[in-house]
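The next block is start-v6.txt, given as compact mmCIF, C-alpha atoms and all ligand atoms.
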```txt
# COMPACT_ATOMS: atom_id res chain seq x y z
CA MET A 1309 -39.80 101.86 21.16
CA ARG A 1310 -38.46 99.28 18.69
CA ALA A 1311 -34.93 99.82 20.09
CA ILE A 1312 -36.20 99.17 23.63
CA ARG A 1313 -37.83 95.91 22.49
CA ILE A 1314 -34.60 94.79 20.81
CA VAL A 1315 -32.52 95.61 23.90
CA THR A 1316 -35.06 93.80 26.12
CA ALA A 1317 -34.97 90.74 23.85
CA LEU A 1318 -31.17 90.74 23.89
CA PHE A 1319 -31.08 90.92 27.69
CA THR A 1320 -33.65 88.14 27.93
CA ALA A 1321 -31.58 85.96 25.61
CA ILE A 1322 -28.40 86.57 27.60
CA LEU A 1323 -30.09 85.85 30.93
CA MET A 1324 -31.88 82.69 29.75
CA PRO A 1325 -30.38 79.40 30.89
CA LEU A 1326 -28.69 77.17 28.28
CA THR A 1327 -32.01 75.43 27.66
CA SER A 1328 -35.36 77.06 28.43
CA TYR A 1329 -38.21 75.11 30.02
CA ALA A 1330 -39.82 74.73 26.62
CA GLN A 1331 -36.79 72.81 25.36
CA LYS A 1332 -36.38 70.55 28.36
CA ILE A 1333 -37.53 66.99 27.85
CA VAL A 1334 -39.26 64.20 29.75
CA ILE A 1335 -38.04 60.66 29.04
CA ALA A 1336 -40.42 57.91 30.14
CA HIS A 1337 -38.14 55.46 31.96
CA ARG A 1338 -39.26 51.95 30.88
CA GLY A 1339 -42.58 53.67 30.00
CA ALA A 1340 -45.00 54.98 32.63
CA SER A 1341 -43.46 52.31 34.84
CA GLY A 1342 -44.71 53.91 38.04
CA TYR A 1343 -48.22 52.83 36.98
CA LEU A 1344 -47.97 49.73 34.77
CA PRO A 1345 -45.41 46.88 34.49
CA GLU A 1346 -42.14 48.22 33.06
CA HIS A 1347 -41.39 47.83 29.35
CA THR A 1348 -44.85 46.59 28.40
CA LEU A 1349 -46.60 48.21 25.45
CA GLU A 1350 -49.33 49.25 27.89
CA ALA A 1351 -46.79 51.20 29.98
CA LYS A 1352 -45.42 52.77 26.80
CA SER A 1353 -48.81 53.85 25.48
CA MET A 1354 -49.66 55.36 28.88
CA ALA A 1355 -46.37 57.30 28.80
CA TYR A 1356 -47.20 58.49 25.31
CA ALA A 1357 -50.66 59.67 26.42
CA GLN A 1358 -49.15 61.40 29.45
CA GLY A 1359 -47.09 63.61 27.15
CA ALA A 1360 -43.58 62.15 27.39
CA HIS A 1361 -41.22 63.54 24.75
CA TYR A 1362 -39.15 60.33 24.52
CA ILE A 1363 -39.90 56.75 25.55
CA GLU A 1364 -37.11 54.42 26.67
CA GLN A 1365 -36.38 50.88 25.45
CA ASP A 1366 -33.78 48.68 27.17
CA LEU A 1367 -32.77 46.02 24.62
CA VAL A 1368 -31.52 42.44 24.86
CA MET A 1369 -31.38 39.59 22.31
CA THR A 1370 -33.11 36.22 22.11
CA SER A 1371 -31.51 32.95 20.95
CA ASP A 1372 -32.98 33.54 17.48
CA ASP A 1373 -31.47 37.04 17.21
CA GLU A 1374 -34.60 39.05 17.91
CA LEU A 1375 -34.39 42.29 19.88
CA ILE A 1376 -36.74 42.39 22.85
CA VAL A 1377 -37.52 45.25 25.21
CA LEU A 1378 -36.34 44.05 28.61
CA HIS A 1379 -34.20 45.71 31.27
CA ASP A 1380 -32.22 42.67 32.44
CA VAL A 1381 -30.42 40.05 30.35
CA THR A 1382 -32.42 37.62 32.50
CA LEU A 1383 -36.18 37.15 32.56
CA ASP A 1384 -36.36 36.40 36.29
CA ARG A 1385 -37.30 39.79 37.76
CA THR A 1386 -40.23 40.70 35.52
CA THR A 1387 -41.79 37.50 34.09
CA ASP A 1388 -43.18 34.13 35.15
CA VAL A 1389 -40.40 32.24 33.33
CA ASP A 1390 -39.71 30.21 36.48
CA GLU A 1391 -43.27 28.82 36.33
CA LYS A 1392 -43.44 28.27 32.55
CA PHE A 1393 -39.90 26.90 31.98
CA PRO A 1394 -38.71 25.63 35.40
CA ASP A 1395 -35.90 23.49 33.95
CA ARG A 1396 -34.32 26.19 31.75
CA ALA A 1397 -32.25 28.09 34.34
CA ARG A 1398 -28.46 28.13 34.00
CA ASP A 1399 -26.20 26.82 36.77
CA ASP A 1400 -26.42 30.21 38.49
CA GLY A 1401 -30.19 29.73 38.79
CA ARG A 1402 -31.01 32.56 36.35
CA TYR A 1403 -33.14 32.39 33.19
CA TYR A 1404 -31.28 34.21 30.42
CA ALA A 1405 -33.35 35.72 27.60
CA ILE A 1406 -30.60 34.72 25.18
CA ASP A 1407 -31.39 31.02 25.89
CA PHE A 1408 -35.01 31.42 24.72
CA THR A 1409 -36.60 31.93 21.31
CA LEU A 1410 -38.92 34.86 20.73
CA ALA A 1411 -41.81 32.38 20.40
CA GLU A 1412 -41.02 31.05 23.88
CA ILE A 1413 -40.72 34.55 25.35
CA ARG A 1414 -44.07 35.46 23.83
CA THR A 1415 -45.71 32.83 26.07
CA LEU A 1416 -44.52 34.58 29.25
CA ASN A 1417 -46.53 36.97 31.39
CA ALA A 1418 -44.72 40.25 32.02
CA ASN A 1419 -45.14 41.44 35.61
CA GLU A 1420 -44.42 44.33 37.86
CA ALA A 1421 -40.79 43.93 39.02
CA PHE A 1422 -40.40 41.64 42.02
CA ARG A 1423 -37.90 39.81 44.21
CA ILE A 1424 -38.39 36.44 45.89
CA GLU A 1425 -38.64 36.49 49.70
CA ASN A 1426 -39.23 33.17 51.49
CA GLY A 1427 -40.47 31.70 48.21
CA ILE A 1428 -42.97 34.54 47.67
CA LYS A 1429 -42.85 37.18 44.92
CA VAL A 1430 -42.64 40.61 46.59
CA LYS A 1431 -42.95 43.79 44.51
CA GLU A 1432 -39.89 46.05 44.33
CA PHE A 1433 -42.22 49.01 44.88
CA ASP A 1434 -45.11 48.31 47.27
CA ASN A 1435 -47.54 50.81 45.80
CA ARG A 1436 -47.18 49.73 42.17
CA PHE A 1437 -49.27 47.51 39.88
CA PRO A 1438 -50.20 44.13 41.45
CA ILE A 1439 -48.23 41.05 40.37
CA GLY A 1440 -50.20 38.53 38.31
CA MET A 1441 -53.06 40.93 37.52
CA SER A 1442 -54.24 41.30 33.91
CA ASP A 1443 -52.16 40.07 30.99
CA PHE A 1444 -48.95 41.68 29.70
CA ARG A 1445 -46.23 40.53 27.28
CA VAL A 1446 -42.56 41.26 26.54
CA PRO A 1447 -42.56 43.26 23.27
CA THR A 1448 -39.99 43.32 20.49
CA PHE A 1449 -38.12 46.52 19.65
CA GLN A 1450 -39.89 46.68 16.29
CA GLU A 1451 -43.36 46.28 17.84
CA GLU A 1452 -42.66 49.16 20.19
CA ILE A 1453 -41.27 51.44 17.48
CA GLU A 1454 -44.33 50.69 15.32
CA MET A 1455 -46.68 51.56 18.18
CA ILE A 1456 -44.90 54.87 18.86
CA GLN A 1457 -44.67 55.76 15.17
CA GLY A 1458 -48.33 54.76 14.71
CA LEU A 1459 -49.33 57.04 17.58
CA ASN A 1460 -47.23 59.80 16.03
CA THR A 1461 -49.36 59.43 12.90
CA SER A 1462 -52.70 59.29 14.70
CA THR A 1463 -51.97 62.14 17.15
CA GLY A 1464 -49.80 64.38 14.99
CA ARG A 1465 -47.16 64.45 17.72
CA ASP A 1466 -43.51 63.47 17.25
CA VAL A 1467 -42.47 61.41 20.26
CA GLY A 1468 -38.98 59.98 20.14
CA ILE A 1469 -37.39 56.70 21.16
CA TYR A 1470 -34.50 56.28 23.58
CA PRO A 1471 -33.03 52.75 23.19
CA GLU A 1472 -30.30 51.38 25.47
CA ILE A 1473 -28.03 48.53 24.36
CA LYS A 1474 -27.86 46.28 27.42
CA GLN A 1475 -24.58 44.53 28.26
CA PRO A 1476 -22.97 44.47 24.79
CA ALA A 1477 -19.91 42.58 26.12
CA PHE A 1478 -22.16 39.82 27.48
CA HIS A 1479 -23.95 39.58 24.12
CA ARG A 1480 -20.63 39.43 22.24
CA GLN A 1481 -19.40 36.66 24.55
CA GLU A 1482 -22.62 34.81 23.64
CA GLY A 1483 -21.94 35.33 19.92
CA LYS A 1484 -24.38 38.20 19.34
CA GLU A 1485 -23.54 41.61 17.83
CA ILE A 1486 -26.42 43.42 19.50
CA SER A 1487 -25.28 46.96 18.66
CA THR A 1488 -25.12 46.25 14.94
CA ARG A 1489 -28.63 44.79 14.97
CA VAL A 1490 -29.99 47.77 16.96
CA VAL A 1491 -28.45 50.24 14.52
CA GLU A 1492 -29.82 48.26 11.55
CA VAL A 1493 -33.34 48.39 13.03
CA LEU A 1494 -33.02 52.15 13.62
CA LYS A 1495 -32.18 52.56 9.93
CA GLU A 1496 -35.09 50.31 8.86
CA TYR A 1497 -37.48 52.57 10.77
CA GLY A 1498 -36.07 55.84 9.41
CA TYR A 1499 -33.87 56.97 12.30
CA THR A 1500 -30.83 57.92 10.27
CA GLY A 1501 -29.45 61.32 11.32
CA LYS A 1502 -28.72 63.56 14.27
CA ASP A 1503 -32.06 65.28 13.63
CA SER A 1504 -33.97 61.98 14.06
CA LYS A 1505 -36.01 61.67 17.27
CA VAL A 1506 -33.73 59.12 18.87
CA PHE A 1507 -30.99 58.98 21.49
CA LEU A 1508 -29.00 55.73 21.54
CA GLN A 1509 -27.52 54.99 24.98
CA THR A 1510 -25.03 52.64 26.60
CA PHE A 1511 -23.08 52.31 29.86
CA ASP A 1512 -20.12 50.81 27.90
CA TYR A 1513 -17.64 53.44 26.62
CA ASP A 1514 -15.76 51.00 24.37
CA GLU A 1515 -19.06 50.08 22.72
CA LEU A 1516 -19.92 53.76 22.30
CA VAL A 1517 -16.66 54.30 20.41
CA LEU A 1518 -17.23 51.15 18.34
CA ILE A 1519 -20.72 52.34 17.38
CA GLN A 1520 -19.45 55.81 16.47
CA GLU A 1521 -16.35 54.72 14.54
CA GLU A 1522 -17.39 51.41 12.94
CA ILE A 1523 -21.05 50.45 13.23
CA PHE A 1524 -22.57 53.79 12.18
CA PRO A 1525 -20.35 54.06 9.06
CA SER A 1526 -20.92 50.44 8.09
CA VAL A 1527 -24.73 50.66 8.46
CA GLY A 1528 -24.79 54.16 6.97
CA ILE A 1529 -26.50 56.19 9.70
CA GLU A 1530 -25.40 58.48 12.53
CA VAL A 1531 -27.78 59.30 15.39
CA ASN A 1532 -27.27 60.96 18.78
CA LEU A 1533 -25.27 58.92 21.29
CA ILE A 1534 -25.58 59.13 25.08
CA MET A 1535 -22.93 57.85 27.50
CA LEU A 1536 -24.55 56.59 30.69
CA LEU A 1537 -22.67 57.19 33.95
CA GLY A 1538 -23.64 55.25 37.05
CA ASN A 1539 -20.76 56.39 39.28
CA ARG A 1540 -17.39 58.16 39.22
CA THR A 1541 -15.30 54.98 39.33
CA ASP A 1542 -16.06 53.03 36.11
CA TYR A 1543 -14.50 55.73 33.91
CA PRO A 1544 -12.66 58.13 36.28
CA TRP A 1545 -11.06 60.00 33.36
CA ILE A 1546 -14.49 61.34 32.34
CA PHE A 1547 -14.59 63.30 35.63
CA GLU A 1548 -11.15 64.85 35.13
CA SER A 1549 -10.85 68.41 33.84
CA ASP A 1550 -10.61 67.46 30.15
CA GLY A 1551 -12.84 64.36 30.45
CA MET A 1552 -16.01 65.84 29.00
CA SER A 1553 -14.26 67.30 25.98
CA LYS A 1554 -12.65 63.90 25.30
CA LEU A 1555 -16.04 62.22 25.67
CA ALA A 1556 -17.56 64.74 23.28
CA ASN A 1557 -15.48 63.18 20.49
CA SER A 1558 -17.78 60.15 20.65
CA ALA A 1559 -20.95 61.23 22.47
CA ASP A 1560 -23.65 63.87 22.13
CA GLY A 1561 -24.69 63.73 25.74
CA ILE A 1562 -24.46 62.03 29.10
CA GLY A 1563 -27.05 60.14 31.14
CA PRO A 1564 -25.74 60.28 34.71
CA SER A 1565 -27.31 58.96 37.87
CA TYR A 1566 -28.87 62.08 39.38
CA ASN A 1567 -26.68 61.53 42.44
CA LEU A 1568 -23.79 62.71 40.25
CA VAL A 1569 -25.66 65.98 39.56
CA VAL A 1570 -26.72 66.79 43.12
CA ASP A 1571 -24.83 65.41 46.11
CA ARG A 1572 -27.13 62.83 47.71
CA GLU A 1573 -25.97 63.93 51.18
CA SER A 1574 -27.10 67.53 50.59
CA GLU A 1575 -29.32 69.09 53.17
CA MET A 1576 -32.62 70.80 52.50
CA LEU A 1577 -32.06 74.43 51.46
CA ALA A 1578 -28.33 73.67 51.19
CA THR A 1579 -28.32 71.62 48.02
CA ARG A 1580 -24.84 70.90 46.70
CA ILE A 1581 -24.92 70.88 42.91
CA THR A 1582 -21.80 69.34 41.39
CA ASP A 1583 -19.94 70.83 38.43
CA LEU A 1584 -20.97 67.90 36.18
CA VAL A 1585 -23.71 69.69 34.22
CA ALA A 1586 -21.64 72.84 33.70
CA ARG A 1587 -18.65 70.85 32.48
CA ALA A 1588 -20.81 68.72 30.17
CA HIS A 1589 -22.51 71.81 28.74
CA ASP A 1590 -19.14 73.51 28.23
CA ALA A 1591 -18.16 70.49 26.10
CA GLY A 1592 -21.43 70.71 24.14
CA LEU A 1593 -22.95 67.61 25.75
CA ALA A 1594 -26.64 67.31 26.69
CA VAL A 1595 -27.40 66.02 30.21
CA HIS A 1596 -30.28 63.60 30.90
CA PRO A 1597 -30.01 62.16 34.45
CA TYR A 1598 -31.90 59.11 35.77
CA THR A 1599 -34.09 57.91 37.51
CA PHE A 1600 -36.68 60.21 39.06
CA ARG A 1601 -39.21 58.24 41.11
CA ALA A 1602 -42.15 59.55 43.16
CA ASP A 1603 -42.70 56.35 45.17
CA PRO A 1604 -42.83 56.61 48.97
CA GLY A 1605 -39.25 56.65 50.28
CA ALA A 1606 -37.71 57.41 46.88
CA ILE A 1607 -37.28 61.19 47.32
CA PRO A 1608 -33.83 62.23 48.64
CA THR A 1609 -34.01 64.04 51.97
CA TYR A 1610 -32.71 67.30 50.45
CA ALA A 1611 -35.93 67.68 48.40
CA LEU A 1612 -39.33 68.67 49.80
CA ASP A 1613 -41.21 66.43 47.37
CA PHE A 1614 -41.04 65.04 43.83
CA GLU A 1615 -41.78 68.38 42.16
CA ASN A 1616 -39.09 70.09 44.25
CA LEU A 1617 -36.66 67.34 43.20
CA LEU A 1618 -37.53 68.07 39.56
CA ASP A 1619 -37.16 71.82 40.13
CA ILE A 1620 -33.70 71.40 41.66
CA HIS A 1621 -32.51 69.35 38.70
CA TYR A 1622 -34.29 71.04 35.77
CA PHE A 1623 -33.81 74.63 36.87
CA ARG A 1624 -31.05 74.88 39.46
CA ALA A 1625 -28.72 72.23 38.04
CA ASP A 1626 -29.98 73.08 34.49
CA VAL A 1627 -30.23 69.53 33.13
CA ASP A 1628 -31.76 69.17 29.66
CA GLY A 1629 -34.10 66.28 30.44
CA VAL A 1630 -34.86 63.60 33.01
CA PHE A 1631 -35.64 59.90 32.95
CA THR A 1632 -38.68 59.30 35.14
CA ASP A 1633 -41.07 56.46 36.00
CA PHE A 1634 -43.76 59.15 36.39
CA PRO A 1635 -43.78 61.08 33.09
CA ASP A 1636 -47.17 62.66 33.85
CA ARG A 1637 -45.75 64.43 36.90
CA ALA A 1638 -42.70 65.73 35.02
CA VAL A 1639 -44.78 66.92 32.05
CA GLN A 1640 -47.20 68.72 34.39
CA PHE A 1641 -44.28 70.22 36.28
CA LEU A 1642 -42.72 71.66 33.11
CA GLN A 1643 -46.11 72.92 31.91
CA SER A 1644 -46.57 74.77 35.21
CA LYS A 1645 -43.39 76.77 34.64
O1 LIG B 1 -30.77 54.33 30.71
C1 LIG B 1 -31.03 55.27 31.71
C2 LIG B 1 -31.41 54.49 32.89
O2 LIG B 1 -32.47 53.67 32.49
C3 LIG B 1 -30.23 53.70 33.34
O3 LIG B 1 -30.56 52.84 34.30
O4 LIG B 1 -30.60 50.54 34.94
O5 LIG B 1 -32.73 51.73 34.53
O6 LIG B 1 -31.28 51.03 32.63
P1 LIG B 1 -31.34 51.47 34.07
CA CA B 2 -32.03 52.14 30.67
```
What does the file become when written as structure tokens?
Amino acid sequence: MRAIRIVTALFTAILMPLTSYAQKIVIAHRGASGYLPEHTLEAKSMAYAQGAHYIEQDLVMTSDDELIVLHDVTLDRTTDVDEKFPDRARDDGRYYAIDFTLAEIRTLNANEAFRIENGIKVKEFDNRFPIGMSDFRVPTFQEEIEMIQGLNTSTGRDVGIYPEIKQPAFHRQEGKEISTRVVEVLKEYGYTGKDSKVFLQTFDYDELVLIQEEIFPSVGIEVNLIMLLGNRTDYPWIFESDGMSKLANSADGIGPSYNLVVDRESEMLATRITDLVARAHDAGLAVHPYTFRADPGAIPTYALDFENLLDIHYFRADVDGVFTDFPDRAVQFLQSK
């Protein structure tokens, strides 16, 4: 009987995918941003309560060298900076966070993302939180880490952080070493090793190498690094046969657009899964694609609905985690498996 159980267990282990459902993760993209304005502490606490395993922070710097949690290097798309500081735009008409002190940024209202149409602010996603309702702020990186770590204490959970260094070349051109400051803050808050609950991400390969080879040794930590991939053209060598193994010298995983995992032009019941995940896994890299949205019109035509889209990626393409604006839906989906 014992021999049968051992053989059964061995077969189960062999037949299991690289990561089982219990190991797959949900990353709250800019928080529970499907429900509350992106990158506000309110959106982050909602994501936490919804069961996300990791919560994302996009990071940019202020004029006084503070790290704030903001997706764009400009404040235009998600705050009322145009109303509070109308004469502070650059010649291109944009309001750059790096031209403002933290004290100034603290006076701004953070909003649901919008664009201007005929002088009117129109939400990027119709169904999302109303613009101008309630009262939200742009948080610092430290404030957000403290909230997540505080919740880890009060709930007994261990939710991780997933910071992205935004436009490091732009920051360097403006005289700011953003990556060094981010890595210093990680160390200050105890994220020091590969076993720490953090993935540090960037779209900039040169910066990734700099972090790995110079910044980590000089600050004295080494955490997991994720190379973001928006398309096949920025770094074509990564998509060549030995690209993933070369990338694995500097990265622990990739964060591709999910259109690089499943061909966007696939037809329903004839989904074309690319070889990206298999090649990344062969090189020992984790795969966390972005961004899974349940808004009307956001589901590719090859998927029946949001849950089917998750199923195709988590279990047919075998990704290790997903970035989503709707962490509750992804957590419930994994729990149902
Ligand atoms: O960092 C993963 C994903 O967030 C990348 O896209 O533009 O939302 O930062 P973006
Ligand atoms: Ca990001």
Write out as CSV a residue-level contact list of chain A versus ligand LIG 1 (chain B) with cut-off 12 Å: for each qualifying residue the closest pair of atoms and the distance in Å to one decimal, counting all atoms listed in the file, rows sorted by chain and residue number upward.
```
residue,atom,partner,partner_atom,distance
A:Ile1335,CA,B:LIG1,C1,9.2
A:Ala1336,CA,B:LIG1,O2,9.3
A:His1337,CA,B:LIG1,O2,6.0
A:Arg1338,CA,B:LIG1,O2,7.2
A:Gly1339,CA,B:LIG1,O2,10.4
A:Ser1341,CA,B:LIG1,O5,10.8
A:Glu1346,CA,B:LIG1,O5,10.2
A:His1347,CA,B:LIG1,O5,10.8
A:Tyr1362,CA,B:LIG1,C1,12.0
A:Ile1363,CA,B:LIG1,O2,10.6
A:Glu1364,CA,B:LIG1,O2,7.5
A:Gln1365,CA,B:LIG1,O1,8.4
A:Asp1366,CA,B:LIG1,O6,6.4
A:Leu1367,CA,B:LIG1,O6,9.6
A:Val1368,CA,B:LIG1,O6,11.6
A:Val1377,CA,B:LIG1,O6,11.3
A:Leu1378,CA,B:LIG1,O6,9.5
A:His1379,CA,B:LIG1,O6,6.2
A:Asp1380,CA,B:LIG1,O6,8.4
A:Val1381,CA,B:LIG1,O6,11.2
A:Ile1469,CA,B:LIG1,O1,11.9
A:Tyr1470,CA,B:LIG1,O1,8.3
A:Pro1471,CA,B:LIG1,O1,8.0
A:Glu1472,CA,B:LIG1,O1,6.0
A:Ile1473,CA,B:LIG1,O1,9.0
A:Lys1474,CA,B:LIG1,O6,7.8
A:Gln1475,CA,B:LIG1,O6,10.3
A:Phe1507,CA,B:LIG1,O1,10.3
A:Leu1508,CA,B:LIG1,O1,9.4
A:Gln1509,CA,B:LIG1,O1,6.6
A:Thr1510,CA,B:LIG1,O1,7.3
A:Phe1511,CA,B:LIG1,O1,8.0
A:Asp1512,CA,B:LIG1,O1,11.6
A:Leu1533,CA,B:LIG1,O1,11.8
A:Ile1534,CA,B:LIG1,O1,9.0
A:Met1535,CA,B:LIG1,O1,9.2
A:Leu1536,CA,B:LIG1,O1,6.6
A:Leu1537,CA,B:LIG1,C3,8.3
A:Gly1538,CA,B:LIG1,C3,7.7
A:Asn1539,CA,B:LIG1,C3,11.5
A:Ile1562,CA,B:LIG1,C1,9.8
A:Gly1563,CA,B:LIG1,C1,6.3
A:Pro1564,CA,B:LIG1,C1,7.9
A:Ser1565,CA,B:LIG1,C3,7.5
A:Tyr1566,CA,B:LIG1,C2,10.3
A:Val1595,CA,B:LIG1,C1,11.4
A:His1596,CA,B:LIG1,C1,8.4
A:Pro1597,CA,B:LIG1,C1,7.5
A:Tyr1598,CA,B:LIG1,C2,5.5
A:Thr1599,CA,B:LIG1,C2,6.3
A:Phe1600,CA,B:LIG1,C2,9.9
A:Arg1601,CA,B:LIG1,O5,11.3
A:Gly1629,CA,B:LIG1,C1,11.5
A:Val1630,CA,B:LIG1,C1,9.3
A:Phe1631,CA,B:LIG1,C1,6.7
A:Thr1632,CA,B:LIG1,O2,8.8
A:Asp1633,CA,B:LIG1,O2,9.7
```
Taking all atoms listed in the file into account, produce a table as a Markdown table in which each residue of region 1523-1635 of chain A with an atom at most 12 Å from an atom of region 1487-1494 of chain A appears once, together with its shortest atom pair and the distance in Å to one decimal, ordered by chain and rising number.
```
| residue | atom | partner | partner_atom | distance |
| --- | --- | --- | --- | --- |
| A:Ile1523 | CA | A:Thr1488 | CA | 6.1 |
| A:Phe1524 | CA | A:Val1491 | CA | 7.3 |
| A:Pro1525 | CA | A:Val1491 | CA | 10.5 |
| A:Ser1526 | CA | A:Thr1488 | CA | 9.1 |
| A:Val1527 | CA | A:Glu1492 | CA | 6.4 |
| A:Gly1528 | CA | A:Glu1492 | CA | 9.0 |
| A:Ile1529 | CA | A:Val1491 | CA | 7.9 |
| A:Glu1530 | CA | A:Val1491 | CA | 9.0 |
| A:Val1531 | CA | A:Leu1494 | CA | 9.0 |
| A:Asn1532 | CA | A:Val1491 | CA | 11.6 |
| A:Leu1533 | CA | A:Val1491 | CA | 11.5 |
```
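Taking CA of Ala1421 (chain A) as the reference point, CA of Arg1385 (chain A) is found at 5.6 Å.
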Quick one, how far is CA of Glu1615 (chain A) from CA of Ala1591 (chain A)? 28.6 Å
Can you list every residue of region 1470-1509 of chain A that has an atom at most 12 Å from region 1397-1415 of chain A, with its nearest atom pair and the distance in Å to one decimal, using all atoms listed in the file, ordered by chain then number, as JSON lines?
```
{"residue": "A:Lys1474", "atom": "CA", "partner": "A:Ala1405", "partner_atom": "CA", "distance": 11.9}
{"residue": "A:Gln1475", "atom": "CA", "partner": "A:Ile1406", "partner_atom": "CA", "distance": 11.9}
{"residue": "A:Phe1478", "atom": "CA", "partner": "A:Ile1406", "partner_atom": "CA", "distance": 10.1}
{"residue": "A:His1479", "atom": "CA", "partner": "A:Ile1406", "partner_atom": "CA", "distance": 8.3}
{"residue": "A:Arg1480", "atom": "CA", "partner": "A:Ile1406", "partner_atom": "CA", "distance": 11.4}
{"residue": "A:Gln1481", "atom": "CA", "partner": "A:Ile1406", "partner_atom": "CA", "distance": 11.4}
{"residue": "A:Glu1482", "atom": "CA", "partner": "A:Ile1406", "partner_atom": "CA", "distance": 8.1}
{"residue": "A:Gly1483", "atom": "CA", "partner": "A:Ile1406", "partner_atom": "CA", "distance": 10.2}
{"residue": "A:Lys1484", "atom": "CA", "partner": "A:Ile1406", "partner_atom": "CA", "distance": 9.2}
{"residue": "A:Ile1486", "atom": "CA", "partner": "A:Ile1406", "partner_atom": "CA", "distance": 11.2}
```
Test item: residues at most 12 Å from Pro1608 (chain A), all atoms listed in the file, excluding those fewer than 6 positions along its chain, as an MDAnalysis selection string: chainID A and resid 1566:1567 1570:1576 1579 1599:1602 1614:1618 1620
Can I get the selection written as a compact mmCIF listing (two decimals), keeping the file's coordinate frame, with C-alpha atoms?
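For reference, again-v4.txt as written:
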```
# COMPACT_ATOMS: atom_id res chain seq x y z
CA TYR A 1566 -28.87 62.08 39.38
CA ASN A 1567 -26.68 61.53 42.44
CA VAL A 1570 -26.72 66.79 43.12
CA ASP A 1571 -24.83 65.41 46.11
CA ARG A 1572 -27.13 62.83 47.71
CA GLU A 1573 -25.97 63.93 51.18
CA SER A 1574 -27.10 67.53 50.59
CA GLU A 1575 -29.32 69.09 53.17
CA MET A 1576 -32.62 70.80 52.50
CA THR A 1579 -28.32 71.62 48.02
CA THR A 1599 -34.09 57.91 37.51
CA PHE A 1600 -36.68 60.21 39.06
CA ARG A 1601 -39.21 58.24 41.11
CA ALA A 1602 -42.15 59.55 43.16
CA PHE A 1614 -41.04 65.04 43.83
CA GLU A 1615 -41.78 68.38 42.16
CA ASN A 1616 -39.09 70.09 44.25
CA LEU A 1617 -36.66 67.34 43.20
CA LEU A 1618 -37.53 68.07 39.56
CA ILE A 1620 -33.70 71.40 41.66
```
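Our summary of the geometry notes that CA of Ile1333 (chain A) is positioned 8.9 Å from CA of Ala1638 (chain A).
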I'd like the contact shell of Arg1423 (chain A) - 9 Å cut-off, only C-alpha atoms, skipping same-chain residues fewer than 5 positions apart - returned as an mmCIF file with C-alpha atoms, in the frame of the given file.
```cif
data_model
loop_
_atom_site.group_PDB
_atom_site.id
_atom_site.type_symbol
_atom_site.label_atom_id
_atom_site.label_comp_id
_atom_site.auth_asym_id
_atom_site.auth_seq_id
_atom_site.Cartn_x
_atom_site.Cartn_y
_atom_site.Cartn_z
ATOM 1 C CA ASP A 1384 -36.360 36.400 36.290
ATOM 2 C CA ARG A 1385 -37.300 39.790 37.760
ATOM 3 C CA ILE A 1428 -42.970 34.540 47.670
ATOM 4 C CA LYS A 1429 -42.850 37.180 44.920
ATOM 5 C CA VAL A 1430 -42.640 40.610 46.590
ATOM 6 C CA LYS A 1431 -42.950 43.790 44.510
ATOM 7 C CA GLU A 1432 -39.890 46.050 44.330
#
```
